[in-house]
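> Got coords.cif for you, mmCIF, C-alpha atoms:
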data_query
#
loop_
_atom_site.label_atom_id
_atom_site.label_comp_id
_atom_site.auth_asym_id
_atom_site.auth_seq_id
_atom_site.Cartn_x
_atom_site.Cartn_y
_atom_site.Cartn_z
CA MET A 451 -30.81 22.59 9.43
CA THR A 452 -31.66 20.37 6.47
CA ALA A 453 -32.20 16.64 6.79
CA ASP A 454 -28.95 16.03 4.93
CA ASP A 455 -27.02 18.29 7.32
CA TYR A 456 -28.57 16.50 10.27
CA LEU A 457 -27.72 13.07 8.86
CA ARG A 458 -24.16 14.14 8.09
CA ARG A 459 -23.58 15.35 11.63
CA VAL A 460 -25.08 12.21 13.16
CA SER A 461 -22.94 10.08 10.86
CA LEU A 462 -19.89 12.08 11.91
CA ALA A 463 -20.70 11.53 15.58
CA LEU A 464 -20.91 7.76 14.91
CA ARG A 465 -17.79 7.58 12.76
CA ASP A 466 -16.01 5.19 15.13
CA LEU A 467 -18.65 2.48 14.54
CA PRO A 468 -18.13 -0.25 11.94
CA TRP A 469 -19.05 1.11 8.52
CA ARG A 470 -22.06 -1.19 7.87
CA GLN A 471 -23.50 -0.54 11.32
CA ARG A 472 -23.19 3.21 10.85
CA ARG A 473 -24.68 2.98 7.37
CA ASP A 474 -27.71 1.03 8.68
CA LEU A 475 -28.28 3.42 11.60
CA VAL A 476 -28.05 6.48 9.36
CA ALA A 477 -30.26 4.85 6.71
CA GLU A 478 -32.91 4.16 9.31
CA LEU A 479 -32.69 7.73 10.55
CA ARG A 480 -33.01 8.95 6.96
CA GLY A 481 -36.21 6.95 6.68
CA HIS A 482 -37.40 8.42 9.99
CA LEU A 483 -36.71 12.00 8.88
CA ALA A 484 -38.63 11.33 5.68
CA GLU A 485 -41.66 10.32 7.78
CA LEU A 486 -41.64 13.54 9.79
CA PRO A 487 -43.82 16.43 8.56
CA ALA A 488 -41.96 18.64 6.13
CA ASP A 489 -41.96 21.70 8.41
CA THR A 490 -40.50 19.82 11.42
CA ASN A 491 -37.71 21.64 13.20
CA LEU A 492 -35.27 18.75 13.46
CA ALA A 493 -33.15 20.24 16.26
CA GLU A 494 -36.30 20.87 18.31
CA ARG A 495 -37.85 17.46 17.72
CA LEU A 496 -34.72 15.29 17.88
CA GLY A 497 -32.20 17.48 19.71
CA ALA A 498 -28.78 18.35 18.35
CA PRO A 499 -27.40 15.69 15.98
CA GLU A 500 -24.54 14.93 18.36
CA GLN A 501 -27.00 14.49 21.23
CA TYR A 502 -29.18 12.26 19.05
CA ALA A 503 -26.15 10.11 18.26
CA ALA A 504 -25.18 9.97 21.94
CA ASP A 505 -28.71 9.00 23.03
CA MET A 506 -28.96 6.30 20.39
CA ARG A 507 -25.52 5.00 21.31
CA SER A 508 -26.53 4.87 24.94
CA ALA A 509 -29.88 3.12 24.27
CA ALA A 510 -28.26 0.64 21.88
CA GLY A 511 -25.30 -0.04 24.18
CA LEU A 512 -22.82 0.97 21.49
CA GLU A 513 -19.56 1.91 23.12
CA ARG A 514 -17.12 4.31 21.56
CA ARG A 515 -14.49 2.30 19.70
CA ARG A 516 -10.83 3.19 19.50
CA GLY A 517 -7.71 1.68 18.01
CA VAL A 518 -6.40 0.64 14.64
CA ILE A 519 -8.88 -2.22 14.12
CA ALA A 520 -11.83 0.06 14.92
CA PHE A 521 -10.41 2.71 12.60
CA LEU A 522 -10.18 0.21 9.74
CA ARG A 523 -13.62 -1.29 10.40
CA ALA A 524 -15.12 2.20 10.38
CA ARG A 525 -13.90 2.72 6.82
CA ARG A 526 -15.95 1.60 3.87
CA PRO A 527 -14.54 -1.83 2.85
CA ARG A 528 -14.36 -0.78 -0.80
CA ASN A 529 -12.25 2.24 0.17
CA VAL A 530 -9.99 0.09 2.35
CA VAL A 531 -9.44 -2.27 -0.59
CA ILE A 532 -8.80 0.63 -2.98
CA THR A 533 -6.33 2.19 -0.52
CA VAL A 534 -4.51 -1.10 0.08
CA VAL A 535 -4.31 -1.82 -3.66
CA ALA A 536 -3.10 1.74 -4.35
CA VAL A 537 -0.45 1.51 -1.60
CA VAL A 538 0.72 -1.89 -2.86
CA LEU A 539 0.90 -0.63 -6.47
CA ILE A 540 2.78 2.52 -5.46
CA GLY A 541 5.12 0.40 -3.32
CA LEU A 542 5.71 -1.98 -6.22
CA ALA A 543 6.31 0.92 -8.61
CA ILE A 544 8.79 2.53 -6.21
CA SER A 545 10.60 -0.72 -5.44
CA THR A 546 10.72 -1.64 -9.16
CA THR A 547 12.13 1.79 -10.01
CA VAL A 548 14.70 1.58 -7.23
CA TRP A 549 15.64 -1.94 -8.32
CA VAL A 550 16.01 -0.93 -11.96
CA GLN A 551 17.99 2.17 -10.99
CA ASN A 552 20.42 0.06 -8.97
CA TYR A 553 20.58 -3.08 -11.10
CA GLN A 554 24.21 -3.67 -11.91
CA PRO A 555 24.93 -7.34 -12.57
CA LEU A 556 28.26 -7.01 -14.37
CA ALA A 557 31.34 -8.33 -12.60
CA ALA A 558 34.82 -9.51 -13.44
CA VAL A 559 35.04 -13.28 -13.77
CA ALA A 560 36.68 -14.69 -10.69
CA GLY A 561 39.99 -16.39 -11.36
CA PHE A 562 40.52 -14.79 -14.75
CA PRO A 563 43.03 -11.97 -14.68
CA PRO A 564 42.61 -8.86 -16.79
CA LEU A 565 44.40 -8.58 -20.13
CA LEU A 566 47.19 -6.10 -19.40
CA PRO A 567 49.50 -4.24 -21.74
CA ALA A 568 52.70 -6.00 -22.75
CA HIS A 569 55.57 -5.38 -20.37
CA ALA A 570 53.32 -4.46 -17.45
CA HIS A 571 55.00 -5.38 -14.20
CA ILE A 572 54.05 -5.26 -10.56
CA ALA A 573 55.17 -2.14 -8.75
CA PRO A 574 57.63 -2.50 -5.87
CA ASP A 575 54.89 -1.99 -3.30
CA GLY A 576 52.82 -4.79 -4.90
CA ASN A 577 49.72 -2.67 -5.25
CA ALA A 578 49.93 -1.64 -8.90
CA GLU A 579 50.83 -2.81 -12.34
CA ASN A 580 53.19 -0.34 -13.95
CA VAL A 581 53.75 0.02 -17.61
CA LEU A 582 55.84 2.39 -19.63
CA ALA A 583 54.01 4.16 -22.41
CA LEU A 584 55.98 4.81 -25.53
CA PRO A 585 53.90 6.52 -28.22
CA GLY A 586 53.17 4.22 -31.13
CA ARG A 587 53.84 1.00 -29.23
CA PRO A 588 50.98 -1.54 -28.89
CA PHE A 589 48.57 -1.18 -25.98
CA GLN A 590 45.80 -3.44 -24.70
CA LEU A 591 43.51 -3.60 -21.74
CA GLY A 592 40.74 -6.15 -21.37
CA LEU A 593 38.53 -7.84 -18.80
CA PRO A 594 36.46 -11.04 -18.77
CA LEU A 595 32.97 -10.08 -17.63
CA GLN A 596 30.01 -12.03 -16.40
CA ASN A 597 26.35 -11.18 -15.93
CA THR A 598 25.83 -12.29 -12.32
CA GLY A 599 22.23 -11.04 -12.15
CA ARG A 600 18.88 -12.52 -13.09
CA SER A 601 18.11 -10.31 -16.07
CA ALA A 602 19.92 -9.66 -19.31
CA VAL A 603 21.51 -6.27 -19.90
CA ARG A 604 22.62 -4.69 -23.16
CA VAL A 605 26.33 -3.93 -23.22
CA GLN A 606 26.93 -0.65 -25.06
CA GLY A 607 30.67 -0.02 -24.84
CA VAL A 608 33.68 0.85 -22.70
CA PRO A 609 33.97 4.61 -22.14
CA ILE A 610 37.58 4.87 -21.10
CA ALA A 611 40.06 7.64 -21.76
CA GLY A 612 43.83 7.57 -21.43
CA PRO A 613 47.09 8.07 -23.24
CA PHE A 614 46.15 5.54 -25.90
CA VAL A 615 44.12 5.22 -29.09
CA THR A 616 42.17 2.00 -29.17
CA ARG A 617 39.31 0.09 -30.75
CA LEU A 618 37.03 -2.04 -28.66
CA GLN A 619 36.86 -5.75 -29.41
CA MET A 620 34.82 -8.58 -27.97
CA LEU A 621 35.09 -12.32 -27.58
CA GLY A 622 31.84 -14.11 -26.87
CA PRO A 623 29.41 -13.96 -25.33
CA PHE A 624 29.52 -17.58 -24.26
CA LYS A 625 27.53 -19.43 -21.64
CA SER A 626 30.47 -20.72 -19.66
CA TYR A 627 34.19 -20.91 -19.87
CA LYS A 628 33.85 -24.64 -20.56
CA ASP A 629 32.38 -23.65 -23.94
CA TRP A 630 35.22 -21.25 -24.45
CA TYR A 631 37.84 -23.89 -23.73
CA ARG A 632 36.02 -26.51 -25.80
CA ASP A 633 35.60 -24.26 -28.85
CA GLY A 634 39.00 -22.67 -28.50
CA PRO A 635 39.75 -19.08 -27.67
CA GLY A 636 38.32 -17.97 -30.99
CA HIS A 637 38.90 -14.64 -32.59
CA TYR A 638 38.05 -11.26 -31.27
CA GLU A 639 35.61 -9.31 -33.35
CA THR A 640 34.91 -5.61 -33.49
CA PHE A 641 32.63 -4.64 -30.67
CA HIS A 642 28.93 -4.15 -31.29
CA PRO A 643 26.23 -3.69 -28.66
CA PHE A 644 24.83 -7.03 -27.53
CA ASP A 645 22.62 -8.58 -24.85
CA LEU A 646 24.50 -10.35 -22.09
CA GLU A 647 22.23 -13.03 -20.63
CA PRO A 648 22.36 -14.02 -16.96
CA GLY A 649 25.31 -16.32 -16.33
CA SER A 650 26.90 -15.52 -19.71
CA ASN A 651 30.45 -14.27 -20.12
CA VAL A 652 32.25 -12.02 -22.54
CA ILE A 653 35.75 -10.65 -22.85
CA LEU A 654 35.98 -6.98 -23.77
CA ARG A 655 39.35 -5.77 -24.95
CA LEU A 656 40.69 -2.38 -25.93
CA ARG A 657 43.40 -2.70 -28.51
CA GLY A 658 45.51 -0.02 -30.09
CA VAL A 659 48.65 2.02 -29.51
CA TYR A 660 49.96 4.42 -26.92
CA ALA A 661 49.19 7.95 -27.98
CA LYS A 662 51.15 11.13 -27.83
CA CYS A 663 51.91 12.51 -24.42
CA GLY A 664 49.66 15.02 -22.75
CA ALA A 665 50.87 18.33 -21.39
CA TYR A 666 52.22 17.71 -17.90
CA PRO A 667 53.37 20.25 -15.35
CA VAL A 668 56.65 18.45 -14.95
CA PRO A 669 58.27 18.51 -18.35
CA ASP A 670 58.51 15.29 -20.29
CA ILE A 671 57.07 12.88 -17.73
CA GLY A 672 53.68 12.04 -16.25
CA TYR A 673 51.39 9.14 -15.51
CA THR A 674 47.79 8.04 -15.77
CA THR A 675 46.21 5.66 -13.28
CA VAL A 676 43.44 3.30 -14.36
CA THR A 677 41.64 1.71 -11.41
CA ASP A 678 38.36 0.62 -13.04
CA PHE A 679 37.19 -0.89 -16.24
CA PRO A 680 34.05 1.11 -17.12
CA VAL A 681 31.29 -0.72 -18.98
CA ARG A 682 28.35 1.16 -20.42
CA TYR A 683 25.17 -0.93 -20.30
CA SER A 684 21.44 -0.42 -20.56
CA PHE A 685 18.62 -2.12 -18.72
CA LEU A 686 14.98 -1.33 -19.52
CA TRP A 687 14.73 2.47 -19.63
CA ARG A 688 18.05 3.20 -17.99
CA THR A 689 21.58 3.42 -19.35
CA SER A 690 24.44 3.51 -16.90
CA THR A 691 28.11 2.83 -16.51
CA ALA A 692 29.36 0.00 -14.31
CA THR A 693 32.81 0.57 -12.94
CA ILE A 694 34.41 -2.84 -12.55
CA PRO A 695 37.50 -2.55 -10.32
CA LEU A 696 40.69 -3.94 -11.71
CA PRO A 697 42.44 -6.40 -9.35
CA LYS A 698 45.37 -3.99 -9.27
CA LYS A 699 45.41 -0.45 -10.47
CA LEU A 700 47.31 0.15 -13.71
CA THR A 701 49.76 3.02 -13.79
CA ILE A 702 50.76 4.11 -17.26
CA LEU A 703 54.01 6.06 -17.10
CA GLU A 704 54.51 8.39 -20.00
CA VAL A 705 57.90 9.50 -21.00
CA CYS A 706 57.56 12.27 -23.50
CA SER A 707 60.95 13.05 -24.76
CA MET B 1304 -39.77 12.60 39.25
CA ASP B 1305 -39.00 13.09 35.59
CA GLN B 1306 -41.06 10.67 33.51
CA THR B 1307 -38.20 10.23 31.06
CA GLN B 1308 -36.00 8.59 33.70
CA LEU B 1309 -38.77 6.13 34.59
CA LEU B 1310 -39.46 5.37 30.94
CA LYS B 1311 -35.89 4.43 30.20
CA GLY B 1312 -36.19 1.35 32.35
CA VAL B 1313 -39.31 0.06 30.67
CA LEU B 1314 -38.70 1.26 27.10
CA GLU B 1315 -37.47 -2.12 25.99
CA LEU B 1316 -40.65 -3.74 27.30
CA ALA B 1317 -42.84 -1.09 25.65
CA VAL B 1318 -41.12 -1.43 22.29
CA LEU B 1319 -41.33 -5.23 22.42
CA ALA B 1320 -45.03 -4.96 23.32
CA VAL B 1321 -45.73 -2.75 20.29
CA ILE B 1322 -43.85 -5.02 17.90
CA ALA B 1323 -45.46 -8.16 19.31
CA GLN B 1324 -48.78 -6.85 18.01
CA GLY B 1325 -47.53 -7.09 14.44
CA GLU B 1326 -44.73 -6.18 12.08
CA THR B 1327 -44.03 -2.46 12.22
CA TYR B 1328 -41.36 0.21 11.64
CA GLY B 1329 -39.63 2.88 13.73
CA TYR B 1330 -41.86 5.87 13.07
CA GLU B 1331 -45.01 3.81 13.65
CA ILE B 1332 -43.61 2.44 16.91
CA LEU B 1333 -42.92 5.99 18.10
CA SER B 1334 -46.41 7.10 17.11
CA THR B 1335 -47.95 4.12 18.93
CA LEU B 1336 -45.93 4.88 22.07
CA GLU B 1337 -46.94 8.55 21.92
CA SER B 1338 -50.62 7.77 21.43
CA ALA B 1339 -50.40 5.39 24.38
CA GLY B 1340 -49.20 8.32 26.45
CA LEU B 1341 -45.47 7.61 26.47
CA ASP B 1342 -44.55 10.86 24.77
CA GLY B 1343 -41.39 11.59 26.71
CA VAL B 1344 -39.45 8.93 24.85
CA GLY B 1345 -36.77 10.35 22.59
CA ASP B 1346 -36.65 9.16 18.99
CA ALA B 1347 -32.98 8.30 19.43
CA SER B 1348 -33.75 6.11 22.45
CA VAL B 1349 -36.36 4.15 20.53
CA TYR B 1350 -34.05 3.54 17.57
CA GLY B 1351 -31.20 2.68 19.91
CA THR B 1352 -33.45 0.22 21.74
CA LEU B 1353 -34.51 -1.34 18.43
CA ARG B 1354 -30.87 -1.79 17.56
CA ARG B 1355 -30.10 -3.42 20.91
CA LEU B 1356 -33.12 -5.78 20.73
CA GLU B 1357 -32.17 -6.79 17.21
CA GLN B 1358 -28.56 -7.44 18.21
CA ALA B 1359 -29.82 -9.56 21.12
CA GLY B 1360 -31.90 -11.66 18.72
CA HIS B 1361 -35.25 -10.49 20.08
CA LEU B 1362 -36.20 -8.84 16.80
CA THR B 1363 -35.70 -9.49 13.13
CA SER B 1364 -35.91 -6.84 10.45
CA ARG B 1365 -36.39 -6.52 6.72
CA LEU B 1366 -36.12 -3.56 4.39
CA GLU B 1367 -39.18 -2.61 2.40
CA PRO B 1368 -38.42 -0.37 -0.59
CA SER B 1369 -40.57 2.69 -0.84
CA ASP B 1370 -41.58 4.61 -3.95
CA SER B 1371 -41.80 7.92 -2.13
CA GLY B 1372 -38.66 7.90 0.01
CA PRO B 1373 -35.97 5.79 1.66
CA ALA B 1374 -36.63 2.10 2.34
CA ARG B 1375 -38.45 1.35 5.59
CA LYS B 1376 -37.02 -1.10 8.07
CA TYR B 1377 -39.76 -3.36 9.38
CA TYR B 1378 -39.32 -5.20 12.68
CA SER B 1379 -41.00 -8.32 13.98
CA ALA B 1380 -40.52 -10.21 17.23
CA THR B 1381 -38.63 -13.50 17.28
CA PRO B 1382 -39.67 -16.35 19.62
CA ALA B 1383 -36.87 -15.19 21.93
CA GLY B 1384 -38.34 -11.69 21.81
CA ARG B 1385 -41.80 -12.98 22.71
CA GLU B 1386 -40.30 -14.92 25.59
CA GLN B 1387 -38.49 -11.76 26.71
CA LEU B 1388 -41.81 -9.88 26.53
CA ARG B 1389 -43.53 -12.53 28.67
CA ALA B 1390 -40.76 -12.43 31.26
CA GLY B 1391 -40.69 -8.62 31.20
CA THR B 1392 -44.46 -8.39 31.57
CA ALA B 1393 -44.39 -10.72 34.60
CA ALA B 1394 -41.59 -8.69 36.18
CA TRP B 1395 -43.42 -5.45 35.44
CA SER B 1396 -46.65 -6.76 37.00
CA GLN B 1397 -44.77 -7.74 40.12
CA ILE B 1398 -43.12 -4.31 40.41
CA ASN B 1399 -46.35 -2.55 39.57
CA GLY B 1400 -48.20 -4.50 42.26
CA ALA B 1401 -45.52 -3.84 44.84
CA LEU B 1402 -45.32 -0.15 43.98
CA GLY B 1403 -49.11 0.08 44.06
CA LYS B 1404 -49.03 -0.91 47.71
CA LEU B 1405 -46.33 1.66 48.52
CA VAL B 1406 -47.36 4.57 46.37
CA SER B 1407 -50.88 5.93 46.45
CA PRO B 1408 -51.87 8.50 43.82
#
Could you render the structure from this file as structure tokens?

Amino acid sequence: MTADDYLRRVSLALRDLPWRQRRDLVAELRGHLAELPADTNLAERLGAPEQYAADMRSAAGLERRRGVIAFLRARRPRNVVITVVAVVLIGLAISTTVWVQNYQPLAAVAGFPPLLPAHAHIAPDGNAENVLALPGRPFQLGLPLQNTGRSAVRVQGVPIAGPFVTRLQMLGPFKSYKDWYRDGPGHYETFHPFDLEPGSNVILRLRGVYAKCGAYPVPDIGYTTVTDFPVRYSFLWRTSTATIPLPKKLTILEVCS
Amino acid sequence: MDQTQLLKGVLELAVLAVIAQGETYGYEILSTLESAGLDGVGDASVYGTLRRLEQAGHLTSRLEPSDSGPARKYYSATPAGREQLRAGTAAWSQINGALGKLVSP
């Protein structure tokens, strides 16, 4: 057995001791082994490494230590620091990723109803707005939005499909509706991607005409239900679609005669 | 009776006595004990005893770098260690005297 093997096994047998204590004991033993004649049979002179460790423990009054604190104290402080820093960094990276993946700050502005198509009326059961779609007649659907989060997002568009042909328009963004009222409702402009700052508002509006009817199983009549106003937005590396629920679903009845 | 068992009780006193003669290190202490006739003492016991005496404040140590190998750890007795040696010597003399009356070679 080489001196290094012997030292390694003694160190292993003392691995429950605080790191500095174990280092000092092993260092002293290393010095001792260096003093011994080169041809010394270590196992014969000192006994098995585990026995050596046990005898030294017994003479020094070093009890075997157990538990979490002992486990941590037995580690090299530098390694404990590196491990803690690594765990914290990994945790931060994971929580940041999860946060970014789930960050959705867009919401309808409370108290401001959506912009519905002309002639929309509440259904008899009170749960829907119904509107009759006649191809070529004007159509609109819009929603005042607010960034309720703490970080700006880039609004990219409104990916909605239905029995209509529309262009997307925008009004704003403005800091608060007080500004909007003070400056007047202003004019809608053609939509372009923009950054919506925290607390800022914008009205997005689809404007166009009802399109031709689709092919329905029942001849000449069908309907499309719109329950959400989808808003495409990007935040840092991620682009996603927020589905903002409409206060009442919109049922577009198509009569295709 | 096995000499090793008897030695265990007085090892602390023997180690203190060697160090009290002047600053020294582990291997030299072992050699001194062996040349004095205490050759049944295990190396591990001596180093363990050094550790215990140092923890108790009876010894201080310093590391002396070596050109040829690992640094040597030199021990010297503190005033508390010298006091411990005096008390131990007195106790040993008393036991030795008493045993001398009971045990004849």
> Give the residues of chain B that lie within 9 Å of chain A; count only C-alpha atoms, and format the answer as a compact mmCIF listing (two decimals) with C-alpha atoms, keeping the file's coordinate frame.

# COMPACT_ATOMS: atom_id res chain seq x y z
CA LYS B 1311 -35.89 4.43 30.20
CA GLY B 1329 -39.63 2.88 13.73
CA TYR B 1330 -41.86 5.87 13.07
CA GLY B 1345 -36.77 10.35 22.59
CA ASP B 1346 -36.65 9.16 18.99
CA ALA B 1347 -32.98 8.30 19.43
CA SER B 1348 -33.75 6.11 22.45
CA VAL B 1349 -36.36 4.15 20.53
CA TYR B 1350 -34.05 3.54 17.57
CA GLY B 1351 -31.20 2.68 19.91
CA THR B 1352 -33.45 0.22 21.74
CA LEU B 1353 -34.51 -1.34 18.43
CA ARG B 1354 -30.87 -1.79 17.56
CA ARG B 1355 -30.10 -3.42 20.91
CA LEU B 1356 -33.12 -5.78 20.73
CA GLN B 1358 -28.56 -7.44 18.21
CA GLY B 1372 -38.66 7.90 0.01
CA PRO B 1373 -35.97 5.79 1.66
CA ALA B 1374 -36.63 2.10 2.34
CA ARG B 1375 -38.45 1.35 5.59
CA LYS B 1376 -37.02 -1.10 8.07
> State, in Å with one decimal place, the distance from atom CA of Ala493 of chain A to atom CA of Met451 of chain A.
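Spanning atom CA of Ala493 of chain A to atom CA of Met451 of chain A is a straight-line distance of 7.6 Å.
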> If we count all atoms listed in the file, what is near His571 of chain A at a cut-off of 10 Å, once residues fewer than 5 positions away on the same chain are taken out, given as an MDAnalysis selection string?
chainID A and resid 566 576 578:582 700:701
> Apply the PyMOL selection byres ((chain A and resi 586-597) around 6) to the displayed file and report the matching residues as an MDAnalysis selection string.
chainID A and resid 555:559 564:567 584:585 598:599 648:660
> Using atom CA of Gly561 of chain A and atom CA of Lys698 of chain A as the two end points, give the distance in Å to one decimal.
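So the two atoms, atom CA of Gly561 of chain A and atom CA of Lys698 of chain A, lie 13.7 Å apart.
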> Take the PyMOL selection byres ((chain B and resi 1364) around 7), apply it to the structure above, and return the hits as an NGL selection string.
:B and (1362-1363 or 1365-1366 or 1376-1379)
> I'd like to see the residues matched by the PyMOL selection byres ((chain A and resi 696) around 8) on this file, and ideally I'd get them as a list in words.
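Given this file, the PyMOL selection byres ((chain A and resi 696) around 8) evaluates to Pro564, Thr677, Asp678, Phe679, Ile694, Pro695, Pro697, Lys698 and Lys699 of chain A.
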> When you look at Leu1388 of chain B with a cut-off of 7 Å (counting all atoms listed in the file), what residues show up, excluding the ones that are within fewer than 6 positions of it in the same chain? I need them as an MDAnalysis selection string.
chainID B and resid 1316 1319:1320
> Just how far from atom CA of Ala1359 of chain B is atom CA of Leu1336 of chain B, in Å to one decimal?
21.7 Å
> Name the closest residue to Leu646 of chain A among the candidates A:Tyr673, A:Tyr456, A:Phe521, A:Phe624; distances are taken between atoms, counting all atoms listed in the file.
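Selected residue with least distance to Leu646 of chain A: A:Phe624.
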> Counting only C-alpha atoms, find the residues whose atoms lie at most 12 Å from (-40.6, -10.3, 25.6) (file coordinates) and write them out as a PyMOL selection string.
chain B and resi 1313-1324+1356+1359-1362+1379-1395
